[in-house]
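Peer 1: Just one file: structure_30.cif, with mmCIF, C-alpha atoms.
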```cif
data_work
loop_
_atom_site.label_atom_id
_atom_site.label_comp_id
_atom_site.auth_asym_id
_atom_site.auth_seq_id
_atom_site.Cartn_x
_atom_site.Cartn_y
_atom_site.Cartn_z
CA MET A 1 37.28 -177.20 -20.46
CA ILE A 2 34.99 -174.65 -22.05
CA ASN A 3 34.56 -171.45 -20.07
CA THR A 4 31.10 -169.94 -20.21
CA ASP A 5 29.70 -166.72 -18.77
CA GLY A 6 26.29 -166.25 -17.14
CA ARG A 7 24.49 -165.53 -20.41
CA GLN A 8 25.97 -168.54 -22.17
CA ARG A 9 25.02 -170.74 -19.23
CA ALA A 10 21.46 -169.36 -19.39
CA VAL A 11 21.25 -170.21 -23.12
CA ILE A 12 22.65 -173.70 -22.51
CA VAL A 13 20.13 -174.26 -19.67
CA LEU A 14 17.22 -173.12 -21.89
CA GLY A 15 18.35 -175.48 -24.67
CA ALA A 16 18.81 -178.33 -22.21
CA THR A 17 15.32 -177.59 -20.82
CA ALA A 18 13.82 -178.09 -24.30
CA VAL A 19 15.66 -181.40 -24.65
CA LEU A 20 14.92 -182.62 -21.11
CA CYS A 21 11.23 -181.70 -21.30
CA THR A 22 10.78 -184.29 -24.06
CA VAL A 23 11.01 -186.97 -21.32
CA PHE A 24 7.45 -185.95 -20.44
CA VAL A 25 6.25 -187.86 -23.52
CA PHE A 26 6.82 -190.98 -21.38
CA PHE A 27 4.88 -189.61 -18.39
CA GLY A 28 1.18 -189.61 -17.68
CA GLY A 29 -1.22 -188.19 -15.10
CA PRO A 30 -0.22 -185.43 -12.68
CA PHE A 31 3.52 -185.81 -13.33
CA LYS A 32 3.22 -184.94 -17.03
CA LEU A 33 4.22 -181.36 -16.21
CA VAL A 34 4.73 -180.46 -19.88
CA PRO A 35 1.92 -182.14 -21.84
CA LEU A 36 4.04 -183.13 -24.85
CA ASN A 37 3.11 -186.22 -26.81
CA TRP A 38 5.42 -188.14 -29.10
CA GLY A 39 5.33 -186.49 -32.52
CA ALA A 40 6.60 -183.55 -34.52
CA MET A 41 6.52 -181.18 -31.55
CA ALA A 42 8.65 -183.40 -29.30
CA LEU A 43 11.07 -184.06 -32.15
CA ALA A 44 11.33 -180.33 -32.90
CA SER A 45 11.95 -179.67 -29.18
CA LEU A 46 14.90 -182.08 -29.26
CA VAL A 47 16.41 -180.56 -32.41
CA LEU A 48 15.86 -176.90 -31.47
CA GLY A 49 17.02 -177.53 -27.89
CA ALA A 50 20.23 -179.14 -29.15
CA PHE A 51 20.74 -176.18 -31.49
CA ALA A 52 20.28 -173.74 -28.58
CA VAL A 53 22.86 -175.67 -26.51
CA VAL A 54 25.36 -175.38 -29.38
CA ALA A 55 24.51 -171.67 -29.75
CA GLY A 56 25.11 -171.23 -26.02
CA PHE A 57 28.54 -172.86 -26.14
CA SER A 58 29.48 -170.77 -29.21
CA GLY A 59 28.47 -167.59 -27.38
CA ARG A 60 27.50 -165.98 -30.70
CA ARG A 61 24.53 -163.67 -30.26
CA GLY A 62 23.36 -164.25 -33.83
CA LEU A 63 23.04 -168.00 -33.25
CA ILE A 64 21.30 -167.48 -29.89
CA LEU A 65 18.84 -165.09 -31.53
CA LEU A 66 18.27 -167.59 -34.36
CA ALA A 67 17.51 -170.33 -31.81
CA GLY A 68 14.95 -168.04 -30.14
CA ALA A 69 13.44 -167.06 -33.49
CA LEU A 70 13.09 -170.73 -34.47
CA PHE A 71 11.21 -171.51 -31.24
CA LEU A 72 8.92 -168.51 -31.79
CA ALA A 73 8.34 -169.55 -35.42
CA GLY A 74 7.47 -172.96 -34.00
CA VAL A 75 4.88 -171.26 -31.75
CA ILE A 76 3.20 -169.74 -34.83
CA VAL A 77 3.21 -173.10 -36.63
CA ALA A 78 1.78 -174.80 -33.52
CA VAL A 79 -1.04 -172.20 -33.30
CA VAL A 80 -1.85 -172.83 -36.98
CA LEU A 81 -1.87 -176.60 -36.33
CA LEU A 82 -4.22 -176.03 -33.36
CA ILE A 83 -6.56 -173.96 -35.55
CA VAL A 84 -6.49 -176.55 -38.36
CA GLY A 85 -6.94 -179.32 -35.80
CA THR A 86 -4.29 -181.81 -36.91
CA ARG A 87 -4.00 -185.27 -35.39
CA GLY A 88 -1.36 -187.98 -35.03
CA PHE A 89 2.30 -187.12 -35.60
CA LEU A 90 1.57 -183.45 -36.39
CA ARG A 91 -0.73 -182.89 -33.41
CA ALA A 92 0.30 -179.78 -31.48
CA SER A 93 -0.16 -179.48 -27.72
CA VAL A 94 -0.95 -176.25 -25.91
CA GLY A 95 1.47 -177.28 -23.14
CA GLY A 96 4.28 -177.64 -25.68
CA LEU A 97 3.32 -174.29 -27.17
CA SER A 98 3.58 -172.73 -23.71
CA LEU A 99 7.07 -174.16 -23.20
CA TRP A 100 8.19 -172.87 -26.59
CA ILE A 101 6.85 -169.35 -25.87
CA GLY A 102 9.07 -169.17 -22.78
CA LEU A 103 12.13 -170.68 -24.43
CA GLY A 104 11.73 -168.59 -27.59
CA ALA A 105 11.22 -165.32 -25.71
CA GLY A 106 14.06 -166.13 -23.31
CA LEU A 107 16.55 -167.00 -26.04
CA ALA A 108 15.49 -163.99 -28.11
CA ALA A 109 15.99 -161.69 -25.09
CA LEU A 110 19.43 -163.19 -24.43
CA GLY A 111 20.36 -162.87 -28.11
CA LEU A 112 19.04 -159.34 -28.54
CA THR A 113 20.42 -157.74 -25.37
CA PRO A 114 23.99 -156.51 -25.75
CA ASP A 115 26.23 -157.07 -22.73
CA ARG A 116 26.53 -153.42 -21.74
CA THR A 117 28.41 -154.34 -18.57
CA GLN A 118 31.28 -155.40 -20.90
CA GLY A 119 30.94 -152.27 -23.04
CA GLU A 120 29.37 -154.21 -25.91
CA PRO A 121 27.67 -151.84 -28.40
CA ASP A 122 23.98 -152.14 -29.35
CA MET B 1 43.05 -167.80 19.83
CA SER B 2 41.71 -167.46 16.36
CA ILE B 3 38.46 -165.93 15.34
CA SER B 4 36.91 -167.28 12.22
CA VAL B 5 34.62 -165.00 10.30
CA LYS B 6 32.18 -166.66 7.92
CA ARG B 7 32.26 -164.80 4.62
CA LYS B 8 28.97 -163.93 3.06
CA ASP B 9 28.16 -165.26 -0.38
CA PRO B 10 28.63 -162.33 -2.88
CA THR B 11 25.10 -162.72 -4.25
CA GLU B 12 23.75 -162.79 -0.71
CA GLN B 13 25.52 -159.50 -0.03
CA ALA B 14 24.08 -158.00 -3.21
CA THR B 15 20.50 -159.18 -2.79
CA GLY B 16 20.23 -159.71 0.94
CA ALA B 17 18.63 -163.12 0.36
CA PRO B 18 20.25 -166.29 1.70
CA VAL B 19 21.16 -169.04 -0.79
CA MET B 20 18.37 -171.39 0.29
CA GLY B 21 15.87 -168.52 0.13
CA ARG B 22 16.88 -167.70 -3.45
CA ARG B 23 16.72 -171.35 -4.48
CA SER B 24 13.28 -171.70 -2.88
CA LEU B 25 12.00 -168.66 -4.78
CA ALA B 26 13.39 -170.03 -8.05
CA LEU B 27 11.72 -173.38 -7.30
CA LEU B 28 8.41 -171.67 -6.55
CA ARG B 29 8.54 -169.64 -9.80
CA ILE B 30 9.43 -172.70 -11.90
CA ALA B 31 6.70 -174.78 -10.23
CA ILE B 32 4.10 -172.08 -10.90
CA GLY B 33 5.33 -171.97 -14.51
CA PHE B 34 4.67 -175.69 -14.78
CA LEU B 35 1.25 -175.17 -13.16
CA TRP B 36 0.20 -172.85 -16.00
CA ILE B 37 1.89 -174.96 -18.71
CA GLN B 38 0.11 -178.12 -17.57
CA ASN B 39 -3.25 -176.41 -17.16
CA ALA B 40 -3.11 -174.47 -20.43
CA ASP B 41 -3.20 -177.84 -22.15
CA TRP B 42 -6.85 -178.69 -21.53
CA LYS B 43 -8.04 -175.43 -23.10
CA ASN B 44 -8.50 -177.19 -26.41
CA PRO B 45 -9.57 -175.16 -29.44
CA PRO B 46 -11.80 -174.72 -31.31
CA SER B 47 -14.64 -175.73 -28.96
CA PHE B 48 -12.87 -175.04 -25.62
CA GLU B 49 -15.42 -177.47 -24.16
CA ALA B 50 -13.81 -177.95 -20.72
CA LEU B 51 -13.09 -174.24 -20.34
CA LEU B 52 -16.71 -173.45 -21.23
CA HIS B 53 -17.90 -175.92 -18.58
CA PHE B 54 -15.88 -174.19 -15.82
CA THR B 55 -16.65 -170.67 -17.07
CA LYS B 56 -20.38 -171.38 -16.76
CA TYR B 57 -19.84 -171.97 -13.02
CA ALA B 58 -19.49 -168.18 -12.69
CA VAL B 59 -23.16 -167.87 -13.70
CA ASP B 60 -24.47 -171.07 -12.04
CA TYR B 61 -22.67 -170.49 -8.72
CA PRO B 62 -22.07 -166.72 -8.62
CA VAL B 63 -19.33 -165.46 -6.31
CA PHE B 64 -19.61 -161.79 -7.23
CA PRO B 65 -22.85 -160.88 -9.09
CA PRO B 66 -21.38 -158.12 -11.34
CA TYR B 67 -18.69 -160.57 -12.51
CA ALA B 68 -21.35 -163.24 -13.14
CA TRP B 69 -23.28 -160.71 -15.26
CA ILE B 70 -20.17 -159.91 -17.34
CA VAL B 71 -19.47 -163.61 -17.87
CA GLU B 72 -23.06 -164.30 -18.90
CA HIS B 73 -23.49 -161.33 -21.26
CA VAL B 74 -19.97 -160.67 -22.56
CA VAL B 75 -17.73 -163.74 -22.11
CA LEU B 76 -20.16 -166.54 -22.96
CA ALA B 77 -21.59 -164.53 -25.84
CA ASN B 78 -18.12 -164.27 -27.43
CA PHE B 79 -16.65 -167.52 -26.21
CA ALA B 80 -14.36 -168.37 -29.14
CA PHE B 81 -12.53 -165.05 -28.73
CA PHE B 82 -12.43 -165.48 -24.94
CA GLY B 83 -11.19 -169.08 -25.27
CA TRP B 84 -8.26 -168.09 -27.48
CA GLY B 85 -7.47 -165.20 -25.14
CA VAL B 86 -7.31 -167.53 -22.12
CA LEU B 87 -5.29 -170.12 -24.04
CA LEU B 88 -2.66 -167.60 -25.17
CA LEU B 89 -2.53 -165.79 -21.81
CA GLU B 90 -2.08 -168.97 -19.79
CA ALA B 91 0.40 -170.44 -22.29
CA ALA B 92 2.47 -167.25 -22.10
CA LEU B 93 2.19 -167.14 -18.29
CA GLY B 94 3.62 -170.65 -18.05
CA GLY B 95 6.45 -170.00 -20.49
CA PHE B 96 7.57 -166.65 -19.08
CA LEU B 97 7.38 -167.72 -15.42
CA LEU B 98 9.30 -170.91 -16.20
CA VAL B 99 12.25 -169.05 -17.71
CA GLY B 100 11.95 -166.01 -15.40
CA LEU B 101 11.66 -163.24 -17.99
CA ALA B 102 9.73 -160.06 -17.10
CA THR B 103 8.66 -162.10 -14.09
CA ARG B 104 6.93 -159.44 -12.01
CA PHE B 105 4.77 -158.35 -14.95
CA TRP B 106 3.72 -161.92 -15.75
CA ALA B 107 3.12 -162.75 -12.08
CA LEU B 108 0.82 -159.69 -11.87
CA LEU B 109 -1.13 -161.09 -14.84
CA GLY B 110 -1.11 -164.42 -12.97
CA ILE B 111 -2.75 -162.68 -10.00
CA ALA B 112 -5.42 -161.17 -12.28
CA GLN B 113 -6.09 -164.54 -13.94
CA THR B 114 -6.21 -166.33 -10.57
CA ILE B 115 -8.81 -163.82 -9.35
CA ALA B 116 -10.86 -164.35 -12.54
CA ILE B 117 -10.69 -168.15 -12.08
CA SER B 118 -11.59 -167.84 -8.39
CA LEU B 119 -14.60 -165.65 -9.18
CA SER B 120 -15.77 -168.38 -11.57
CA VAL B 121 -15.34 -171.54 -9.53
CA LEU B 122 -14.97 -170.66 -5.85
CA TYR B 123 -18.56 -171.64 -4.91
CA ALA B 124 -18.80 -174.53 -7.36
CA PRO B 125 -19.26 -178.03 -5.92
CA ASN B 126 -16.16 -180.14 -5.21
CA GLU B 127 -13.78 -177.17 -5.44
CA TRP B 128 -11.19 -176.74 -2.68
CA HIS B 129 -11.14 -172.97 -2.14
CA TRP B 130 -7.62 -173.06 -0.68
CA SER B 131 -6.28 -174.14 -4.10
CA TYR B 132 -7.08 -170.67 -5.38
CA PHE B 133 -5.97 -168.87 -2.21
CA LEU B 134 -2.60 -170.67 -2.40
CA MET B 135 -2.29 -169.94 -6.12
CA LEU B 136 -2.93 -166.27 -5.43
CA LEU B 137 -0.42 -166.20 -2.57
CA ALA B 138 2.25 -167.90 -4.70
CA HIS B 139 1.92 -165.19 -7.36
CA ILE B 140 2.02 -162.44 -4.72
CA VAL B 141 5.29 -163.92 -3.40
CA ILE B 142 6.73 -164.05 -6.95
CA VAL B 143 5.84 -160.38 -7.56
CA GLY B 144 6.98 -159.26 -4.11
CA THR B 145 10.35 -161.00 -4.25
CA ALA B 146 10.97 -160.47 -8.00
CA ALA B 147 11.64 -164.19 -8.22
CA GLY B 148 12.95 -164.05 -11.80
CA ARG B 149 16.17 -162.53 -10.45
CA TYR B 150 17.09 -165.90 -8.97
CA ALA B 151 18.03 -168.57 -11.53
CA GLY B 152 15.99 -166.64 -14.08
CA ILE B 153 16.73 -164.61 -17.20
CA ASP B 154 15.83 -161.40 -15.34
CA GLY B 155 18.81 -162.02 -13.05
CA VAL B 156 21.14 -162.49 -16.01
CA LEU B 157 19.99 -159.49 -18.06
CA ARG B 158 19.18 -156.89 -15.40
CA PRO B 159 22.76 -155.55 -15.19
CA SER B 160 22.65 -154.82 -18.94
CA TRP B 161 19.18 -153.26 -18.69
CA GLN B 162 20.41 -151.10 -15.79
CA ALA B 163 23.38 -149.90 -17.85
CA SER B 164 21.14 -148.95 -20.76
CA SER B 165 19.04 -145.84 -21.21
CA SER B 166 16.82 -147.35 -23.93
CA ARG B 167 13.07 -147.37 -23.40
CA VAL B 168 12.79 -151.15 -23.78
CA SER B 169 15.46 -151.68 -21.12
CA ARG B 170 13.63 -149.32 -18.73
CA ILE B 171 10.38 -151.23 -19.27
CA LEU B 172 12.05 -154.62 -18.79
CA LEU B 173 13.77 -153.35 -15.67
CA ARG B 174 10.39 -152.45 -14.16
CA ALA B 175 8.80 -155.70 -15.37
CA SER B 176 11.56 -157.82 -13.83
#
```
For this file, write the structure as structure tokens.

Peer 2:
Amino acid sequence: MINTDGRQRAVIVLGATAVLCTVFVFFGGPFKLVPLNWGAMALASLVLGAFAVVAGFSGRRGLILLAGALFLAGVIVAVVLLIVGTRGFLRASVGGLSLWIGLGAGLAALGLTPDRTQGEPD
Amino acid sequence: MSISVKRKDPTEQATGAPVMGRRSLALLRIAIGFLWIQNADWKNPPSFEALLHFTKYAVDYPVFPPYAWIVEHVVLANFAFFGWGVLLLEAALGGFLLVGLATRFWALLGIAQTIAISLSVLYAPNEWHWSYFLMLLAHIVIVGTAAGRYAGIDGVLRPSWQASSSRVSRILLRAS
């Protein structure tokens, strides 16, 4: 059994959220809480979410920070795609962008903040 | 005769909130996060057509005349800038409230945005005014209870922020 502390669990939950939210591609109407459509954004959510889960289990701050940075880089790419106005597989959704802002900022905060309660240096 | 004493949950002792109360607050915060995420999605650039339609309600059905004047002469005159501002604000609101990071700060912005939306559409036809009252109340509860401390990143990182004297930690401590 792998022991995880509160921070690692938080990272794993954020990664799992990215993966689980891709189920909304199959939903429609009021229950499509995250308006993701099948395409590059959903696929990237699956891959980055899985990476964040692995980073969480490893407990390495560098990997957690990288996962957050990748989500935030994805936000920038999504904004560019919205400006350009792509369609089809590359079409970005504002709902997906919103999810990635939260996950990216959350993972970055967890990766950047040293655990001072354990005497970890900055 | 034996007396059994029910031990308090350690988190309950620390926060004073019962388990179900904390879970309810986390559920409320996450649900409001999804509210913003879902509703950010119809603010579609570059035309922001649907957003423009609802923003014009502020002028057509004025709730507060000075606000209607600002919308007519400032917002509608610079709508592309305003549209991107709303899109990014609401997208960030949804993301940050969902994960519970700097929750009180974002919920305060949620209050401000809810008031702006209410001042635009409250007197418009087919609008249920209680939608906006409930939205406002939900954000007030999130600010008042610091709901990001329950099943949120604020709750995980606050001990480290409290142990730090850095400026960023102080700011995040206030924002959470």

Peer 1: For the structure provided, state which residues fall under the PyMOL selection byres ((chain B and resi 153) around 8), and present them as a list in words.

Peer 2: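 For this structure, the PyMOL selection byres ((chain B and resi 153) around 8) resolves to Ala10, Gly106 and Leu110 of chain A; Val99, Gly100, Leu101, Gly148, Arg149, Ala151, Gly152, Asp154, Gly155, Val156 and Leu157 of chain B.
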
Peer 1: Go through chain A residue by residue and, counting only C-alpha atoms, keep those with an atom at most 7 Å from chain B; for each kept residue give the shortest atom pair and its distance in Å to one decimal, ordered by chain and increasing number, as JSON lines.

Peer 2:
```
{"residue": "A:Gly6", "atom": "CA", "partner": "B:Val156", "partner_atom": "CA", "distance": 6.5}
{"residue": "A:Arg7", "atom": "CA", "partner": "B:Val156", "partner_atom": "CA", "distance": 6.3}
{"residue": "A:Leu33", "atom": "CA", "partner": "B:Gln38", "partner_atom": "CA", "distance": 5.4}
{"residue": "A:Val34", "atom": "CA", "partner": "B:Gln38", "partner_atom": "CA", "distance": 5.7}
{"residue": "A:Pro35", "atom": "CA", "partner": "B:Gln38", "partner_atom": "CA", "distance": 6.1}
{"residue": "A:Leu82", "atom": "CA", "partner": "B:Pro45", "partner_atom": "CA", "distance": 6.7}
{"residue": "A:Ile83", "atom": "CA", "partner": "B:Pro46", "partner_atom": "CA", "distance": 6.8}
{"residue": "A:Ser93", "atom": "CA", "partner": "B:Asp41", "partner_atom": "CA", "distance": 6.6}
{"residue": "A:Val94", "atom": "CA", "partner": "B:Asp41", "partner_atom": "CA", "distance": 4.7}
{"residue": "A:Gly95", "atom": "CA", "partner": "B:Asp41", "partner_atom": "CA", "distance": 4.8}
{"residue": "A:Leu97", "atom": "CA", "partner": "B:Ala91", "partner_atom": "CA", "distance": 6.9}
{"residue": "A:Ser98", "atom": "CA", "partner": "B:Ala91", "partner_atom": "CA", "distance": 4.2}
{"residue": "A:Leu99", "atom": "CA", "partner": "B:Gly95", "partner_atom": "CA", "distance": 5.0}
{"residue": "A:Trp100", "atom": "CA", "partner": "B:Gly95", "partner_atom": "CA", "distance": 7.0}
{"residue": "A:Ile101", "atom": "CA", "partner": "B:Gly95", "partner_atom": "CA", "distance": 5.4}
{"residue": "A:Gly102", "atom": "CA", "partner": "B:Gly95", "partner_atom": "CA", "distance": 3.6}
{"residue": "A:Leu103", "atom": "CA", "partner": "B:Val99", "partner_atom": "CA", "distance": 6.9}
{"residue": "A:Gly106", "atom": "CA", "partner": "B:Leu101", "partner_atom": "CA", "distance": 6.5}
{"residue": "A:Asp115", "atom": "CA", "partner": "B:Ser160", "partner_atom": "CA", "distance": 5.7}
{"residue": "A:Arg116", "atom": "CA", "partner": "B:Ser160", "partner_atom": "CA", "distance": 5.0}
{"residue": "A:Thr117", "atom": "CA", "partner": "B:Ser160", "partner_atom": "CA", "distance": 5.8}
```

Peer 1: Can you write out the residues you just picked, keeping C-alpha atoms, as a short mmCIF file (atom, residue, chain, number, x, y, z; two decimals), in the coordinates of the input?

Peer 2:
```
data_model
loop_
_atom_site.label_atom_id
_atom_site.label_comp_id
_atom_site.auth_asym_id
_atom_site.auth_seq_id
_atom_site.Cartn_x
_atom_site.Cartn_y
_atom_site.Cartn_z
CA GLY A 6 26.29 -166.25 -17.14
CA ARG A 7 24.49 -165.53 -20.41
CA LEU A 33 4.22 -181.36 -16.21
CA VAL A 34 4.73 -180.46 -19.88
CA PRO A 35 1.92 -182.14 -21.84
CA LEU A 82 -4.22 -176.03 -33.36
CA ILE A 83 -6.56 -173.96 -35.55
CA SER A 93 -0.16 -179.48 -27.72
CA VAL A 94 -0.95 -176.25 -25.91
CA GLY A 95 1.47 -177.28 -23.14
CA LEU A 97 3.32 -174.29 -27.17
CA SER A 98 3.58 -172.73 -23.71
CA LEU A 99 7.07 -174.16 -23.20
CA TRP A 100 8.19 -172.87 -26.59
CA ILE A 101 6.85 -169.35 -25.87
CA GLY A 102 9.07 -169.17 -22.78
CA LEU A 103 12.13 -170.68 -24.43
CA GLY A 106 14.06 -166.13 -23.31
CA ASP A 115 26.23 -157.07 -22.73
CA ARG A 116 26.53 -153.42 -21.74
CA THR A 117 28.41 -154.34 -18.57
#
```

Peer 1: Written as a list in words, what is the full residue list that the PyMOL selection byres ((chain A and resi 39) around 8) yields on the file shown?

Peer 2: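 For this structure, the PyMOL selection byres ((chain A and resi 39) around 8) captures Asn37, Trp38, Ala40, Met41, Ala42, Leu43, Gly88, Phe89, Leu90 and Arg91 of chain A.
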
Peer 1: Separation of atom CA of Phe26 of chain A and atom CA of Val53 of chain A, in Å?

Peer 2: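 Computing the Euclidean distance for atom CA of Phe26 of chain A and atom CA of Val53 of chain A yields 22.8 Å.
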
Peer 1: Pull out every residue that the PyMOL selection byres ((chain B and resi 104) around 6) matches in the shown coordinates and put them as an MDAnalysis selection string.

Peer 2: chainID B and resid 102:103 105:107 143 146 175:176

Peer 1: The centre and edge lengths of an axis-aligned box containing all atoms of segment 83-102 of chain A present in the file, extended by 6 Å on each side, are to be given in Å to one decimal, as lines of an AutoDock Vina configuration file.

Peer 2:
```
center_x = 1.1
center_y = -178.6
center_z = -30.6
size_x = 28.0
size_y = 30.8
size_z = 27.6
```

Peer 1: Can you work out which one of A:Leu70, A:Ala55, A:Val11, A:Val25 has the shortest atom-to-atom distance to Ala109 of chain A, counting all atoms listed in the file?

Peer 2: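 The shortest atom-to-atom distance to Ala109 of chain A comes from A:Val11.
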
Peer 1: I'd like the contact shell of segment 124-136 of chain B - 6 Å cut-off, all atoms listed in the file, skipping same-chain residues fewer than 3 positions apart - returned as a PyMOL selection string.

Peer 2: chain B and resi 61+111+121+139

Peer 1: Of the candidates A:Thr86, A:Ser45, A:Gly28, A:Gly104, which shows the shortest atom-to-atom distance to Leu72 of chain A, using all atoms listed in the file?

Peer 2: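 Between A:Thr86, A:Ser45, A:Gly28, A:Gly104, the residue approaching Leu72 of chain A most closely is A:Gly104.
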
Peer 1: As a list of chain:residue names, please: the residues near Leu66 of chain A (cut-off 9 Å, only C-alpha atoms, same-chain neighbours under 6 positions excluded).

Peer 2: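 Near Leu66 of chain A, the qualifying residues are A:Ala52, A:Ala55, A:Leu107, A:Ala108, A:Gly111.
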